[in-house]
Each structure stands twice: as C-alpha cells, then as structure tokens.
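Inspection log for the structure reproduced underneath, given as structure tokens.
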2 protein chains.
Amino acid sequence: MEAREKIFQAADRLFSVNGFDATTTREIAEASNTNKALIHYHFTSKRGLYQAILDRYFDNLSETLQGVLVKNGATGDRLAAVIEAYVNFLANNRSYALIVQREITGGAGRERIIEHMIHNFQMIITALRDAYPESDYRNIDAEQLLISFYGMIITYFTYSDVIERLLKSDPLSRANLAKRKEHVLMMADAVLKAAG
Amino acid sequence: MEAREKIFQAADRLFSVNGFDATTTREIAEASNTNKALIHYHFTSKRGLYQAILDRYFDNLSETLQGVLVKNGATGDRLAAVIEAYVNFLANNRSYALIVQREITGGAGRERIIEHMIHNFQMIITALRDAYPESDYRNIDAEQLLISFYGMIITYFTYSDVIERLLKSDPLSRANLAKRKEHVLMMADAVLKAAG
DNA sequence: ATCTATGTTGACCGCCCGGTTAATGTGATA
DNA sequence: TATCACATTAACCGGGCGGTCAACATAGAT
C-alpha cells in the first residue's frame, strides 16, 4: 500500500478512538510506518488529513442514501429502507459514528459537518413527505420523526461500550445488530400505525 | 462569587463548547477573571477540575432519576416520568449533553462516565421491568427500549444546531421543547400499544 | 547514462501548553 | 496589633506539539 493510504487508514483509526486533538502527527506516522513530514506532503496539514477522512465518509454516506431514496414506495417502506441503510452504513464504518458524534459536539470542522448533515436530513425528510398524501400520517411531524430514528440508530453505535455492559454481549455482533435493526423497525411500524 | 466557583462555571462553559483538550487553563483563568495557578490550587489539575464538573452533573442527574423512579405506576407512566425527567434535566443543564456525548466517544475520563451511565441505565431498566407482570409487553426488550428513548432525547440536544436549521427556529425554546417532549411521549405510547 | 518529477527522511524550530514556586495579600482570632 | 492559615499572584520551566526544510531515494522518460 502507498504511504498516502497507510496514513489515511491509521489516522482514521486514531482519530476515531482518541479524537482530533488527542491524536498527534507523530502517532499517526508511527502507526502507519511512515514519516511525520509525509502527512504534510500528502495532506498539507493535520486538519487537511482530518478533512480528507470526513469527506470520504460523507461521500460514501450521501451516495448510499441517494441509492436508497430513489426507489418509490409507501412511507413505511421508505422509512424502513433508510433505517436499514443507516444501520448498515454505521456497522460497516465504525469510525464514522464516533468521529461525527464528537465533531458535532464542538470540533473545529463543525460547520462543514453540519452542512452535510442538513443536506442528508432534508433529502430524507423530502422523501418521507413525498411518500404520503397530506391526509395520511398528518399527525406525524417528519422532522421529529427523523431526529428520533437518527438518534435511536447512532446512539447504539456511539454508546456501544455502555451497551456491551448492559447486554453482556458484543452489541456489534451480527446477531445483536440484527436484533437492534428489528427493534428499530418495530418502532417505525408502531409509530406509523399509531398515527396512520 | 468566590474564585473557586467562578472557575468552575467558566470551565463548564468552555469545556462544553470547545472540549477538554481544546480548552486551556489560561482561557479558563481569563474567562473567570482569576489566576491560572488558582485552578491547580483549588482543583489540583485541569483534569481534576473537569472531574469535579462531571461529578456535580452526575450527582444531580442520579438524584433527579431516583426521585422519579421511587414512585409506583404502570409501565407507561414510569416511562413517561423518566422521559419527562431526562428532557427537563438536559434542558436545564445544557452543557451536560455536550460534555457527556463528547466524553463517551473517547475522552480520557470515559471509564468513570460509563460507570455512572450503567448505574443509571440499570436503575431505569429495573424500574421498567418491575412495573409490569411478565405476561404483558413480553415482546418489548427493556434494554432496546431504553437505548431508543435515550438516543431520541439526547440527540435532540447534542444536535440542536443541526435541528435549528431544520426547524428554522430555536429547538431549545419553550415551545419547541414542549413539542419535542410531546413527540417522544407519543412514541412511547405507540410502542407500548403495539406491544401490549 | 542522465534528467526530472515525485516521494521520503531526520533534524530542526518556535510556540504554547500544563504545572510549579516563592513571594505577597487578606481577614478572622486572640 | 501580632499571628497564622488560607487565598492569590506573576514569573518561570520543561516538554511536546504542528509544521518546515534541505538533503536524499527512486523510477520512468529521453
């Protein structure tokens, strides 16, 4: 693997575990078996490297969501599809939830992340609203619903160490992930039934 | 106000906005109109100050939850009471959500926070389980339910800047907080009805 | 074989951080 | 008013940080 990619992957791991400030360029260089100066050569600065990591995640996530949302279907189906996609994305990109959650609570790159977030959220809200005639689900506030399901999902990943001790088994195991997905889908079903 | 308390409050604000690492003792001293060395005199170290802040929050939260959970009642009522208490606590202690959320994703004081968290969570789970005979709600997994509602609630506060741009109004205004509370309570109602 | 663009290295720099210390201020007690 | 414990201050310190740079390695093109 080339140095650039080795740095990228080591940094992704270190940033997600320890955060931006607590990760030093010396650590990244050591963990990737490269040289500290190469970080600046390939990414201009420590921040530039961080941004590159964030950008890659957001590109992947946006693409994933767009792929799911183009399909038509009833409200329940669309909501279920988004839930599926989000859970799968977080399960397959475990650094993402940690980095985003930490950044949104006050990192220096906050504004950029918020922009991406708003974009994705509005895309989802529009898709949900378009799915049903005004008469149905008129009691459901799409924004509130989105916040709720987003919170349900991402919290499971950012709190995985707490949850591990609650469940007394690995929350990120295949079986437990399936259980979580099932639970969230059940919640979606329940709220749509209650309001429909 | 004495220096100790001035430092405490300035630090609470700065830590919650910028995080532990990005906040310097010099900033804290300046913001509190005191002297940098006083931080070490009153709190031993920067970390000690941080711990003192965390400890105060956790004491308050534990007390609040215990006050709510001693009351008897049906499952729905207990869940509603916890939701109420949590939303009110987060609304009245706005630094708390930011600090905890950032810390749980990888701060140095993580272990201690997890301990508190587990304790509170188990207290809530026990109270919920005790509320209903095994036969009812047997399809609801109390742990999953807790994670879901906790996530719904705390995300609203940690993502308040994102939500502000979604709602185009202040998420922490009295009216919007009431709306959020109502939504979460509606979700609780829906899921209990669906499973009951 | 030579040139050139790209990649890589270790040594170095200045800054700012958390923490320490010795001197000084302050106010209750006797 | 002398005492004494506690509170406050400015100056200082060593260390580790992000970033820079001049020298060197490598390999494809000519």
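Here, A, B, ... name the chains of the structure tokens in the order displayed, residue numbers run from 1 inside each chain, and ligands are numbered from 1 in the same displayed order.
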
Check every residue of chain A for an atom within 8 Å of chain B, counting only C-alpha atoms, and provide those that qualify as an NGL selection string.
:A and (16-19 or 21-22 or 98-99 or 101-102 or 104-107 or 114 or 117-118 or 122 or 143-144 or 147-156 or 158-159 or 161-162 or 165-167 or 180 or 183-184 or 187 or 190-191 or 193-194)

Could you produce a table of the residues of chain A lying within 10 Å of chain C, with the nearest pair of atoms per residue and their separation in Å rounded to one decimal, using only C-alpha atoms (C1' of nucleotides), ordered by chain and increasing residue number, as a tab-separated table?
residue	atom	partner	partner_atom	distance
A:Ala3	CA	C:DG7	C1'	9.1
A:Thr34	CA	C:DT8	C1'	8.6
A:Asn35	CA	C:DT9	C1'	7.1
A:Lys36	CA	C:DT9	C1'	9.3
A:Ala37	CA	C:DT9	C1'	8.2
A:Leu38	CA	C:DT8	C1'	7.3
A:Tyr41	CA	C:DG7	C1'	9.0
A:His42	CA	C:DG7	C1'	9.8

Can you list every residue of chain D that has an atom at most 9 Å from chain B, with its nearest atom pair and the distance in Å to one decimal, using only C-alpha atoms (C1' of nucleotides), ordered by chain then number, as JSON lines?
{"residue": "D:DA7", "atom": "C1'", "partner": "B:Leu38", "partner_atom": "CA", "distance": 8.6}
{"residue": "D:DT8", "atom": "C1'", "partner": "B:Leu38", "partner_atom": "CA", "distance": 7.3}
{"residue": "D:DT9", "atom": "C1'", "partner": "B:Asn35", "partner_atom": "CA", "distance": 7.2}

Provide the CA of Gly67 in chain B to CA of Leu54 in chain B distance in Å, to one decimal place.
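Between these atoms lies a distance of 20.0 Å.
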
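Pairwise distance (CA of Asn92 in chain A, CA of Asp130 in chain A) equals 29.1 Å.
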